[in-house]
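**Q** I'd like to ask some things about the structure below.
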Amino acid sequence: MIEQDLNELENKSTYIIREGKLKFSKVAALWSMGKDSTTVLQLSRKAFMGKVPFPVIHIDNGIDFPETYEFRSSLRDEWGLELIVAKSEIKNELSGFSCCGENKTKALQGVMKEYGFEALIVSIRRDEHGIRAKERYFSPRSKEFKWDYKNQPLELWDNYASRLDEEGHYRIHPILDWNEIDIWRYIEREKIPVNPLYFSESGFRYRSLGCTHCTVPVQSDASNVGEIIAELRVSTSEEREGREQDKEKEYVMQKLRSLGYM
Amino acid sequence: MRLKRTALLGQKDHGKSTLLGSLLIETGAASQARIREARRASEQLGRKFEPAFILDSFSEEREDAMTVDTTRAQVPFGNMAFEFIDVPGHEELMSNMLSGASYADTALLLVSAAPSEGITDQTKRHLFVAKLLGIDRLTVAVNKMDVADYSRHAFESVVDGLSGFLEKVGFDPSHVRFVPISAYNAQNLIRSSAFMPWYGGQPLMQTLMSLESSDIAAGGGACLATVQGYIERPRVISGRVLSGSVTRGEKVLLLPAGKQLSVGRIWVGGTERERTTPPESFALELLGDLPVNVEGSVICDPASPPPVGQVMIAVAFFLNPPTQHMELVSMGSSTGVKSMDFLEAIDPTTCNTVPGQSAQPLQAAIIRIALESPRVIVTSDEQRELARFVLRDSAGLVAVAVVKDNWSAGSSHSSNS
């Protein structure tokens, strides 16, 4: 796994976050309490004089881990976050396409409409999945949240698209360039608090966090950030191995993303 | 580790995605899971193993065997890391190609040596656009040598066929390398190929390593920085340093407003600093009589300010026909275009000027633009990043362009219709 220059990554990400905040009047960040979206909150604090300058949204289907909920309240208090919890109902089977797709997307559509957000900061990275490597830094979504991946706006240099169609919104991806190991190196450097589920307990840890129903832990003895970095330096497996939705079918991720999944 | 960003250019079907897939496998950068998945997808489509499937991951891309949108993949090699940007080679997807190539420092062009393929208009168009975007280091991989019997003659005919054009576009021959390869059979990628003993040069990856990229001298030159806007009113702005440095307490000039201001506190990455240098993005306090709107402004040294104006000459590559209501976008900020004149049309597949006072899509032209409001205008020789811009209208992108020196051609005709 390639380790990139953290200052360079930080500079680019803070530039993108500022650009998003300045170009749109109502912006929010999605916060799953995972390592990536928490890193984006730290970058946002650095970009805006120490305080996250927009609300953070948790799409809560009620079946996240208890540790995740505890982490949510403690960091909200510590960083003074303006937290919006969007409850997601679980109506159908508890995994993959319809669970992550329909349920969470509906909850998000509801909260976007209620608050009138024009842009959402989403913490995806190119190295997570082949489909995510196709994303732009600023990516428009239709009213129905659809991603028109065959017809993406041109993104040249620092000129990000920001023209809104009626009732559509933008996804802003400030850490698209980062690799998994860069996130952990940055967490170590910045001493960013993380969800304890990432650390090994009795030989297992979560490498990627979803809800209790579609995430399984991987074998690992890494019990702190330094040990996770050391583990990633020699790892040959993929980050999202424990995520149900990636395995189901070849193109599930493509379908989920084109329908609005994060 | 610093990444060397390399755009893969060339005609559709000349093997860009296959090469990238093979490089990821050969260097060990692709995980076993990724390789297994690509193998399974190949089998499902009833094909032989297709290395391109490591990268192409939209269903349409695999079924139709063409890259639809850009993909990036990182390849560690020796003490370096390469980020390859795979762009579509299909004519209709030229805007996606531009998007990918705009993030590259250097380029790798693929040309097929297969008997019926060779150099095409699209090959040349990609070279023209790459040069326009500021890429001036180039490696040409002559691919599909397996189909051409690994013959020296096939390789040399591509080299001979392309050299004249490369010089015409403006590539310095000492910054161009040619390497014969077979992407599908992984020949001459990271090890010399036994099938091509006549080739005396280095394999592809070693060749890429040896071409130094033309990094813009960091830290040098006069102070120039762009401004994104106010992040905390009334006086904290954010932006990025392009050259020189911005130091606490010094006097600066804010353009195009022409305001003399002084620099207060500076923050980089949330930490207070005395000074900020390229390519940092900063937050800083400006002291003095600040304009209400600073978006798209430039901070500079009052002793050597860049010119401000409303008229510029540029070389443009068109993706769509120009319209009445266009705007110029550069460094994230836009200005209305009052009028546009065509001084000369250029055929990007020959680099010759051609008759005609308008530009068709996929054609280039030298244009003169009059803006609705003044902005800093510098040529690409003065400051590469500030000199480049895009033209767009309500439907999207019209052209990419770079400000050039005054054009001394004869008469010009307005063709803004």
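Chain labels run A, B, ... following the order of the structure tokens; each chain numbers its residues from 1, and ligands are numbered from 1 in the order shown.
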Give me, as number ranges by chain, the residues of chain A touching chain B, with the criterion being at most 6 Å (counting only C-alpha atoms).

**A** A: 3-5, 11, 46, 130, 133-134, 154-159

**Q** Generate the output file for the selected residues, C-alpha atoms, as a short mmCIF file (atom, residue, chain, number, x, y, z; two decimals), in the first residue's frame.

**A**
```
data_model
loop_
_atom_site.label_atom_id
_atom_site.label_comp_id
_atom_site.auth_asym_id
_atom_site.auth_seq_id
_atom_site.Cartn_x
_atom_site.Cartn_y
_atom_site.Cartn_z
CA GLU A 3 2.08 5.87 1.67
CA GLN A 4 1.59 9.39 0.41
CA ASP A 5 2.80 12.76 1.67
CA ASN A 11 -3.50 20.73 1.69
CA LYS A 46 -8.25 22.61 10.37
CA GLY A 130 -12.91 0.04 -8.37
CA ALA A 133 -11.98 5.28 -8.35
CA LYS A 134 -14.30 6.73 -10.99
CA LEU A 154 -15.58 17.61 -16.53
CA GLU A 155 -13.23 18.37 -13.68
CA LEU A 156 -10.12 20.17 -14.77
CA TRP A 157 -7.45 21.33 -12.35
CA ASP A 158 -9.07 23.19 -9.45
CA ASN A 159 -12.22 24.05 -11.38
#
```

**Q** Can you list, as a compact mmCIF listing (two decimals) with N, CA and C atoms, in the first residue's frame, every protein, DNA or RNA residue that comes within 9 Å of stretch 162-179 of chain A when you count only C-alpha atoms, leaving out same-chain residues fewer than 5 positions away?

**A**
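For reference, part.txt as written:
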```
# COMPACT_ATOMS: atom_id res chain seq x y z
N MET A 1 0.85 -1.19 0.00
CA MET A 1 0.00 0.00 0.00
C MET A 1 0.88 1.24 0.00
N ILE A 2 0.64 2.14 -0.92
CA ILE A 2 1.50 3.31 -1.06
C ILE A 2 1.18 4.36 0.00
N GLU A 3 2.25 4.83 0.66
CA GLU A 3 2.08 5.87 1.67
C GLU A 3 2.40 7.22 1.04
N GLN A 4 1.43 8.11 1.06
CA GLN A 4 1.59 9.39 0.41
C GLN A 4 1.99 10.48 1.41
N LEU A 6 1.55 13.26 3.71
CA LEU A 6 0.36 13.69 4.46
C LEU A 6 0.10 15.19 4.36
N LEU A 9 -1.58 15.78 1.04
CA LEU A 9 -2.98 15.33 1.08
C LEU A 9 -3.84 16.31 1.88
N GLU A 10 -3.30 16.75 3.02
CA GLU A 10 -4.04 17.67 3.88
C GLU A 10 -4.33 18.99 3.16
N LYS A 12 -4.58 19.54 -0.09
CA LYS A 12 -5.59 19.37 -1.13
C LYS A 12 -6.98 19.20 -0.51
N SER A 13 -7.07 18.40 0.55
CA SER A 13 -8.38 18.14 1.16
C SER A 13 -8.96 19.40 1.79
N THR A 14 -8.13 20.18 2.48
CA THR A 14 -8.67 21.39 3.10
C THR A 14 -9.11 22.38 2.01
N TYR A 15 -8.37 22.40 0.91
CA TYR A 15 -8.76 23.28 -0.21
C TYR A 15 -10.14 22.88 -0.72
N ILE A 16 -10.36 21.58 -0.88
CA ILE A 16 -11.65 21.09 -1.41
C ILE A 16 -12.79 21.37 -0.42
N ILE A 17 -12.52 21.16 0.86
CA ILE A 17 -13.57 21.41 1.86
C ILE A 17 -13.95 22.89 1.88
N GLY A 20 -16.00 23.71 -1.17
CA GLY A 20 -17.37 23.24 -1.00
C GLY A 20 -18.18 24.19 -0.13
N LYS A 23 -18.74 27.52 -2.07
CA LYS A 23 -19.53 27.50 -3.31
C LYS A 23 -21.02 27.21 -3.05
N PHE A 24 -21.32 26.57 -1.95
CA PHE A 24 -22.72 26.22 -1.68
C PHE A 24 -23.17 26.89 -0.38
N ALA A 29 -21.90 17.40 6.32
CA ALA A 29 -21.00 16.26 6.11
C ALA A 29 -21.68 15.01 6.63
N ASP A 36 -12.75 7.24 8.37
CA ASP A 36 -12.63 8.16 7.24
C ASP A 36 -13.43 9.43 7.46
N THR A 39 -11.88 11.53 10.10
CA THR A 39 -10.72 12.24 9.57
C THR A 39 -11.15 13.49 8.81
N VAL A 40 -12.24 13.37 8.04
CA VAL A 40 -12.73 14.53 7.29
C VAL A 40 -13.18 15.63 8.24
N MET A 112 -32.12 15.69 3.76
CA MET A 112 -31.66 16.69 2.79
C MET A 112 -32.79 17.67 2.46
N LYS A 113 -33.98 17.09 2.32
CA LYS A 113 -35.13 17.90 1.97
C LYS A 113 -35.51 18.82 3.15
N PHE A 117 -30.22 21.02 2.22
CA PHE A 117 -28.78 20.98 1.91
C PHE A 117 -28.55 20.89 0.40
N GLU A 118 -27.56 21.66 -0.06
CA GLU A 118 -27.21 21.66 -1.48
C GLU A 118 -26.02 20.76 -1.75
N ALA A 119 -25.23 20.53 -0.75
CA ALA A 119 -24.04 19.71 -0.96
C ALA A 119 -23.75 18.88 0.29
N LEU A 120 -23.26 17.68 0.04
CA LEU A 120 -22.95 16.73 1.11
C LEU A 120 -21.49 16.35 1.00
N ILE A 121 -20.77 16.46 2.09
CA ILE A 121 -19.38 16.03 2.10
C ILE A 121 -19.35 14.56 2.47
N VAL A 122 -18.79 13.74 1.57
CA VAL A 122 -18.82 12.29 1.76
C VAL A 122 -17.39 11.75 1.74
N SER A 123 -17.08 10.86 2.68
CA SER A 123 -15.70 10.45 2.89
C SER A 123 -15.34 9.15 2.18
N ILE A 124 -15.51 9.12 0.87
CA ILE A 124 -15.09 7.92 0.14
C ILE A 124 -13.66 8.11 -0.38
N ARG A 125 -12.98 6.98 -0.60
CA ARG A 125 -11.62 7.03 -1.12
C ARG A 125 -11.51 6.14 -2.36
N ARG A 126 -10.65 6.54 -3.30
CA ARG A 126 -10.51 5.77 -4.54
C ARG A 126 -10.05 4.34 -4.30
N ASP A 127 -9.21 4.12 -3.30
CA ASP A 127 -8.63 2.79 -3.16
C ASP A 127 -9.59 1.78 -2.51
N GLU A 128 -10.80 2.25 -2.12
CA GLU A 128 -11.73 1.33 -1.47
C GLU A 128 -12.33 0.33 -2.44
N ARG A 132 -15.37 3.36 -6.92
CA ARG A 132 -15.11 4.64 -6.27
C ARG A 132 -13.93 5.38 -6.91
N ALA A 133 -13.09 4.63 -7.64
CA ALA A 133 -11.98 5.28 -8.35
C ALA A 133 -12.49 6.13 -9.50
N GLU A 135 -14.97 8.29 -9.27
CA GLU A 135 -15.66 9.47 -8.77
C GLU A 135 -14.86 10.74 -9.03
N ARG A 136 -15.58 11.86 -9.07
CA ARG A 136 -14.96 13.17 -9.15
C ARG A 136 -14.92 13.75 -7.74
N TYR A 137 -14.17 14.86 -7.58
CA TYR A 137 -14.15 15.52 -6.27
C TYR A 137 -15.51 16.16 -5.98
N PHE A 138 -16.08 16.80 -7.01
CA PHE A 138 -17.43 17.38 -6.88
C PHE A 138 -18.32 16.62 -7.86
N SER A 139 -19.34 15.97 -7.35
CA SER A 139 -20.13 15.11 -8.22
C SER A 139 -21.62 15.38 -8.06
N PRO A 140 -22.29 15.79 -9.14
CA PRO A 140 -23.71 16.11 -9.02
C PRO A 140 -24.58 14.86 -8.93
N ARG A 141 -25.66 14.95 -8.15
CA ARG A 141 -26.65 13.87 -8.05
C ARG A 141 -28.00 14.46 -8.41
N SER A 142 -28.84 13.66 -9.04
CA SER A 142 -30.15 14.16 -9.44
C SER A 142 -31.06 14.25 -8.23
N LYS A 143 -32.25 14.76 -8.47
CA LYS A 143 -33.29 14.86 -7.44
C LYS A 143 -33.52 13.49 -6.80
N GLU A 144 -33.50 12.45 -7.63
CA GLU A 144 -33.70 11.09 -7.10
C GLU A 144 -32.42 10.51 -6.51
N PHE A 145 -31.39 11.34 -6.38
CA PHE A 145 -30.08 10.95 -5.84
C PHE A 145 -29.26 10.12 -6.81
N SER B 394 -24.15 27.13 -20.33
CA SER B 394 -25.09 26.47 -19.42
C SER B 394 -25.16 24.96 -19.66
```

**Q** Please provide the set of residues having any atom within 9 Å of B:Leu362, restricted to only C-alpha atoms, with same-chain residues fewer than 2 positions apart removed, written as a list in words.

**A**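 The contact residues come out as Glu91, Met94, Arg125, Phe317, Phe318, Leu319, Asn320, Asp347, Pro348, Ala359, Gln360 and Ala364 of chain B.
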
**Q** Take the residues that were just selected and, keeping C-alpha atoms, output them as a compact mmCIF listing (two decimals), in the first residue's frame.

**A**
```
# COMPACT_ATOMS: atom_id res chain seq x y z
CA GLU B 91 -13.39 10.15 -29.48
CA MET B 94 -12.64 13.20 -25.07
CA ARG B 125 -5.27 14.66 -30.87
CA PHE B 317 -9.25 23.10 -27.88
CA PHE B 318 -13.01 22.86 -28.44
CA LEU B 319 -15.27 20.06 -27.29
CA ASN B 320 -18.49 21.84 -28.14
CA ASP B 347 -6.10 21.17 -37.04
CA PRO B 348 -4.82 19.27 -33.99
CA ALA B 359 -13.92 25.84 -34.46
CA GLN B 360 -15.68 22.54 -34.77
CA ALA B 364 -8.35 23.94 -31.97
```

**Q** So that I can check the secondary structure, give me every residue of stretch 123-352 of chain B assigned strand (DSSP E) by backbone DSSP, as a tab-separated table (two decimals) with N, CA and C atoms, in the first residue's frame.

**A**
```tsv
chain	number	residue	atom	x	y	z
B	138	LEU	N	7.32	12.83	-22.19
B	138	LEU	CA	6.48	11.82	-22.82
B	138	LEU	C	7.23	10.51	-23.04
B	139	THR	N	6.55	9.41	-22.70
B	139	THR	CA	7.05	8.09	-23.07
B	139	THR	C	6.05	7.51	-24.06
B	140	VAL	N	6.54	7.00	-25.19
B	140	VAL	CA	5.65	6.36	-26.16
B	140	VAL	C	5.88	4.87	-26.07
B	141	ALA	N	4.84	4.12	-25.67
B	141	ALA	CA	4.94	2.66	-25.64
B	141	ALA	C	4.35	2.14	-26.94
B	142	VAL	N	5.19	1.50	-27.75
B	142	VAL	CA	4.71	0.90	-28.99
B	142	VAL	C	4.22	-0.49	-28.62
B	143	ASN	N	2.90	-0.64	-28.61
B	143	ASN	CA	2.27	-1.83	-28.02
B	143	ASN	C	1.89	-2.87	-29.09
B	176	VAL	N	11.49	12.82	-24.91
B	176	VAL	CA	10.58	11.79	-25.41
B	176	VAL	C	11.34	10.47	-25.52
B	177	ARG	N	10.72	9.37	-25.05
B	177	ARG	CA	11.32	8.05	-25.15
B	177	ARG	C	10.35	7.10	-25.85
B	178	PHE	N	10.89	6.17	-26.65
B	178	PHE	CA	10.07	5.14	-27.29
B	178	PHE	C	10.45	3.77	-26.73
B	179	VAL	N	9.45	2.95	-26.38
B	179	VAL	CA	9.71	1.61	-25.83
B	179	VAL	C	8.77	0.60	-26.49
B	180	PRO	N	9.29	-0.49	-27.08
B	180	PRO	CA	8.41	-1.51	-27.64
B	180	PRO	C	7.93	-2.46	-26.54
B	224	LEU	N	2.86	34.89	-5.64
B	224	LEU	CA	1.56	34.82	-6.31
B	224	LEU	C	0.71	33.80	-5.57
B	225	ALA	N	-0.51	34.20	-5.20
B	225	ALA	CA	-1.40	33.25	-4.52
B	225	ALA	C	-2.83	33.54	-4.95
B	226	THR	N	-3.62	32.47	-5.04
B	226	THR	CA	-5.02	32.68	-5.41
B	226	THR	C	-5.90	32.69	-4.17
B	227	VAL	N	-7.03	33.37	-4.28
B	227	VAL	CA	-7.93	33.51	-3.13
B	227	VAL	C	-9.25	32.80	-3.42
B	228	GLN	N	-9.67	31.93	-2.49
B	228	GLN	CA	-10.95	31.24	-2.65
B	228	GLN	C	-12.12	32.08	-2.19
B	229	GLY	N	-11.93	32.81	-1.11
B	229	GLY	CA	-13.02	33.62	-0.56
B	229	GLY	C	-12.79	33.83	0.93
B	230	TYR	N	-13.78	34.43	1.59
B	230	TYR	CA	-13.69	34.65	3.03
B	230	TYR	C	-14.10	33.38	3.76
B	231	ILE	N	-13.25	32.87	4.64
B	231	ILE	CA	-13.71	31.76	5.46
B	231	ILE	C	-14.14	32.25	6.83
B	232	GLU	N	-13.74	33.46	7.18
B	232	GLU	CA	-14.25	34.06	8.41
B	232	GLU	C	-14.24	35.56	8.17
B	236	VAL	N	-10.53	37.04	7.33
B	236	VAL	CA	-9.75	35.82	7.11
B	236	VAL	C	-10.17	35.18	5.78
B	237	ILE	N	-9.19	35.04	4.89
B	237	ILE	CA	-9.46	34.44	3.57
B	237	ILE	C	-8.71	33.12	3.46
B	238	SER	N	-9.10	32.30	2.48
B	238	SER	CA	-8.31	31.09	2.22
B	238	SER	C	-7.88	31.10	0.77
B	239	GLY	N	-6.86	30.30	0.47
B	239	GLY	CA	-6.35	30.26	-0.90
B	239	GLY	C	-5.17	29.32	-1.01
B	240	ARG	N	-4.43	29.46	-2.09
B	240	ARG	CA	-3.32	28.56	-2.37
B	240	ARG	C	-2.15	29.36	-2.94
B	241	VAL	N	-0.93	29.01	-2.53
B	241	VAL	CA	0.25	29.72	-3.04
B	241	VAL	C	0.72	29.06	-4.33
B	242	LEU	N	0.94	29.86	-5.36
B	242	LEU	CA	1.41	29.33	-6.64
B	242	LEU	C	2.92	29.49	-6.80
B	243	SER	N	3.45	30.62	-6.35
B	243	SER	CA	4.90	30.82	-6.43
B	243	SER	C	5.32	31.81	-5.35
B	246	VAL	N	4.16	33.94	0.96
B	246	VAL	CA	3.44	35.02	1.61
B	246	VAL	C	3.89	35.02	3.06
B	247	THR	N	4.35	36.19	3.55
B	247	THR	CA	4.92	36.26	4.89
B	247	THR	C	4.14	37.24	5.76
B	251	LYS	N	3.63	43.69	2.94
B	251	LYS	CA	2.63	44.37	2.12
B	251	LYS	C	2.36	43.52	0.88
B	252	VAL	N	1.09	43.40	0.53
B	252	VAL	CA	0.74	42.69	-0.71
B	252	VAL	C	-0.26	43.52	-1.49
B	253	LEU	N	-0.39	43.15	-2.77
B	253	LEU	CA	-1.37	43.80	-3.62
B	253	LEU	C	-2.44	42.76	-3.95
B	254	LEU	N	-3.71	43.15	-3.79
B	254	LEU	CA	-4.80	42.25	-4.12
B	254	LEU	C	-5.36	42.66	-5.48
B	255	LEU	N	-5.31	41.72	-6.43
B	255	LEU	CA	-5.77	42.02	-7.80
B	255	LEU	C	-7.00	41.17	-8.11
B	259	LYS	N	-5.93	46.68	-4.47
B	259	LYS	CA	-5.85	47.18	-3.09
B	259	LYS	C	-4.50	46.82	-2.46
B	260	GLN	N	-3.88	47.80	-1.84
B	260	GLN	CA	-2.66	47.55	-1.07
B	260	GLN	C	-3.08	47.10	0.33
B	261	LEU	N	-2.64	45.93	0.73
B	261	LEU	CA	-3.04	45.40	2.04
B	261	LEU	C	-1.82	44.86	2.74
B	262	SER	N	-1.96	44.55	4.03
B	262	SER	CA	-0.85	43.85	4.65
B	262	SER	C	-1.35	42.53	5.25
B	263	VAL	N	-0.40	41.61	5.38
B	263	VAL	CA	-0.73	40.25	5.80
B	263	VAL	C	-0.65	40.17	7.32
B	264	GLY	N	-1.75	39.69	7.93
B	264	GLY	CA	-1.76	39.48	9.37
B	264	GLY	C	-1.31	38.05	9.68
B	265	ARG	N	-2.10	37.40	10.54
B	265	ARG	CA	-1.71	36.03	10.89
B	265	ARG	C	-1.94	35.06	9.73
B	266	ILE	N	-1.14	33.97	9.69
B	266	ILE	CA	-1.23	32.96	8.63
B	266	ILE	C	-1.41	31.59	9.28
B	267	TRP	N	-2.29	30.78	8.73
B	267	TRP	CA	-2.44	29.41	9.22
B	267	TRP	C	-2.31	28.42	8.06
B	268	VAL	N	-1.55	27.36	8.28
B	268	VAL	CA	-1.48	26.27	7.30
B	268	VAL	C	-1.79	24.98	8.05
B	271	THR	N	-2.35	25.33	11.77
B	271	THR	CA	-1.27	25.77	12.65
B	271	THR	C	-0.81	27.16	12.23
B	272	GLU	N	-0.57	28.02	13.20
B	272	GLU	CA	-0.13	29.37	12.87
B	272	GLU	C	1.32	29.36	12.36
B	273	ARG	N	1.55	30.16	11.33
B	273	ARG	CA	2.85	30.17	10.65
B	273	ARG	C	3.31	31.59	10.37
B	275	ARG	N	4.99	32.05	7.53
B	275	ARG	CA	5.11	32.14	6.07
B	275	ARG	C	4.43	30.94	5.44
B	276	THR	N	3.90	31.12	4.23
B	276	THR	CA	3.36	29.98	3.50
B	276	THR	C	3.96	29.94	2.09
B	281	SER	N	-2.19	25.19	0.85
B	281	SER	CA	-3.41	25.99	0.93
B	281	SER	C	-3.44	26.60	2.33
B	282	PHE	N	-3.78	27.86	2.38
B	282	PHE	CA	-3.60	28.63	3.61
B	282	PHE	C	-4.90	29.32	4.02
B	283	ALA	N	-4.92	29.79	5.26
B	283	ALA	CA	-5.90	30.77	5.70
B	283	ALA	C	-5.06	31.94	6.18
B	284	LEU	N	-5.46	33.16	5.87
B	284	LEU	CA	-4.69	34.29	6.39
B	284	LEU	C	-5.55	35.53	6.58
B	285	GLU	N	-5.06	36.39	7.47
B	285	GLU	CA	-5.74	37.66	7.74
B	285	GLU	C	-5.20	38.72	6.81
B	286	LEU	N	-6.10	39.47	6.19
B	286	LEU	CA	-5.65	40.60	5.39
B	286	LEU	C	-6.06	41.86	6.13
B	287	LEU	N	-5.11	42.79	6.28
B	287	LEU	CA	-5.40	44.01	7.01
B	287	LEU	C	-5.44	45.18	6.04
B	298	VAL	N	-6.17	37.54	-6.82
B	298	VAL	CA	-4.79	37.07	-6.75
B	298	VAL	C	-4.03	37.99	-5.80
B	299	ILE	N	-3.23	37.38	-4.90
B	299	ILE	CA	-2.37	38.15	-4.02
B	299	ILE	C	-0.98	38.18	-4.65
B	300	CYS	N	-0.36	39.34	-4.73
B	300	CYS	CA	0.97	39.39	-5.33
B	300	CYS	C	1.85	40.42	-4.64
B	308	VAL	N	-3.23	43.05	-15.31
B	308	VAL	CA	-4.67	42.87	-15.16
B	308	VAL	C	-5.32	43.41	-16.43
B	309	GLY	N	-6.29	42.69	-16.97
B	309	GLY	CA	-6.91	43.18	-18.19
B	309	GLY	C	-8.23	42.50	-18.46
B	310	GLN	N	-8.79	42.86	-19.62
B	310	GLN	CA	-10.07	42.27	-19.99
B	310	GLN	C	-10.01	41.59	-21.34
B	311	VAL	N	-8.83	41.62	-21.98
B	311	VAL	CA	-8.69	40.98	-23.29
B	311	VAL	C	-7.51	40.04	-23.26
B	312	MET	N	-7.68	38.85	-23.79
B	312	MET	CA	-6.57	37.89	-23.82
B	312	MET	C	-6.56	37.08	-25.09
B	313	ILE	N	-5.35	36.62	-25.45
B	313	ILE	CA	-5.17	35.74	-26.60
B	313	ILE	C	-4.88	34.36	-26.04
B	314	ALA	N	-5.50	33.33	-26.61
B	314	ALA	CA	-5.29	31.99	-26.06
B	314	ALA	C	-5.37	30.93	-27.15
B	315	VAL	N	-4.75	29.78	-26.88
B	315	VAL	CA	-4.93	28.61	-27.75
B	315	VAL	C	-5.99	27.75	-27.07
B	316	ALA	N	-7.03	27.40	-27.82
B	316	ALA	CA	-8.14	26.66	-27.22
B	316	ALA	C	-8.40	25.37	-27.99
B	317	PHE	N	-8.82	24.36	-27.27
B	317	PHE	CA	-9.25	23.10	-27.88
B	317	PHE	C	-10.74	22.95	-27.57
B	318	PHE	N	-11.55	22.84	-28.62
B	318	PHE	CA	-13.01	22.86	-28.44
B	318	PHE	C	-13.60	21.45	-28.34
B	327	GLU	N	-18.81	31.53	-19.98
B	327	GLU	CA	-17.99	32.11	-18.94
B	327	GLU	C	-16.62	31.44	-18.95
B	328	LEU	N	-15.64	32.22	-18.51
B	328	LEU	CA	-14.29	31.71	-18.38
B	328	LEU	C	-14.11	31.27	-16.93
B	329	VAL	N	-13.59	30.05	-16.73
B	329	VAL	CA	-13.38	29.58	-15.36
B	329	VAL	C	-11.91	29.23	-15.18
B	330	SER	N	-11.31	29.80	-14.16
B	330	SER	CA	-9.90	29.55	-13.89
B	330	SER	C	-9.68	29.61	-12.39
B	333	SER	N	-12.75	30.19	-10.14
B	333	SER	CA	-13.67	31.32	-10.19
B	333	SER	C	-14.00	31.68	-11.64
B	334	SER	N	-15.17	32.26	-11.85
B	334	SER	CA	-15.60	32.49	-13.22
B	334	SER	C	-15.82	33.97	-13.53
B	335	THR	N	-15.67	34.31	-14.81
B	335	THR	CA	-15.88	35.66	-15.33
B	335	THR	C	-16.66	35.53	-16.63
B	336	GLY	N	-17.64	36.40	-16.85
B	336	GLY	CA	-18.42	36.35	-18.09
B	336	GLY	C	-17.58	36.70	-19.31
B	337	VAL	N	-17.87	36.03	-20.43
B	337	VAL	CA	-17.17	36.33	-21.69
B	337	VAL	C	-18.05	37.28	-22.50
B	338	LYS	N	-17.52	38.46	-22.83
B	338	LYS	CA	-18.29	39.43	-23.60
B	338	LYS	C	-18.31	39.05	-25.07
B	339	SER	N	-17.12	38.73	-25.60
B	339	SER	CA	-17.08	38.31	-27.00
B	339	SER	C	-15.86	37.44	-27.24
B	340	MET	N	-15.93	36.68	-28.34
B	340	MET	CA	-14.80	35.81	-28.67
B	340	MET	C	-14.54	35.89	-30.18
B	341	ASP	N	-13.30	36.14	-30.55
B	341	ASP	CA	-12.92	36.19	-31.97
B	341	ASP	C	-12.00	35.04	-32.30
B	342	PHE	N	-12.17	34.48	-33.48
B	342	PHE	CA	-11.24	33.45	-33.95
B	342	PHE	C	-10.14	34.11	-34.76
B	343	LEU	N	-8.91	33.97	-34.32
B	343	LEU	CA	-7.80	34.55	-35.09
B	343	LEU	C	-7.32	33.55	-36.12
B	344	GLU	N	-7.29	32.28	-35.74
B	344	GLU	CA	-6.83	31.26	-36.65
B	344	GLU	C	-7.30	29.88	-36.16
B	345	ALA	N	-7.72	29.04	-37.07
B	345	ALA	CA	-8.11	27.69	-36.68
B	345	ALA	C	-6.91	26.75	-36.84
B	346	ILE	N	-6.83	25.75	-35.97
B	346	ILE	CA	-5.70	24.79	-36.01
B	346	ILE	C	-6.27	23.39	-36.08
B	347	ASP	N	-5.72	22.58	-37.00
B	347	ASP	CA	-6.10	21.17	-37.04
B	347	ASP	C	-5.18	20.41	-36.09
B	352	ASN	N	-1.38	22.18	-38.29
B	352	ASN	CA	-1.36	23.25	-39.27
B	352	ASN	C	-2.54	24.18	-39.05
```

**Q** Near A:Lys51, counting only C-alpha atoms, which residues have an atom at most 9 Å away, once you skip same-chain residues fewer than 6 positions from it, shown as a VMD selection string?

**A** chain A and resid 41 to 42 44 to 45 79 to 81

**Q** Take the residues from that selection and write them out as a PDB file, in the first residue's frame, keeping C-alpha atoms.

**A**
```
ATOM      1  CA  LEU A  41     -14.143  16.281  10.366  1.00  0.00           C
ATOM      2  CA  GLN A  42     -10.611  16.863  11.646  1.00  0.00           C
ATOM      3  CA  SER A  44     -12.709  20.511   8.330  1.00  0.00           C
ATOM      4  CA  ARG A  45     -11.705  21.827  11.750  1.00  0.00           C
ATOM      5  CA  TRP A  79     -15.568  18.907  19.125  1.00  0.00           C
ATOM      6  CA  GLY A  80     -18.859  20.813  19.523  1.00  0.00           C
ATOM      7  CA  LEU A  81     -20.424  19.136  16.499  1.00  0.00           C
TER       8      LEU A  81
END
```

**Q** Neighbours of B:Met205 within 8 Å (only C-alpha atoms; same-chain residues fewer than 2 positions away dropped), as a list in words?

**A**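 What passes the distance filter is Phe77, Leu189, Ile190, Pro203, Thr207, Leu208 and Met209 of chain B.
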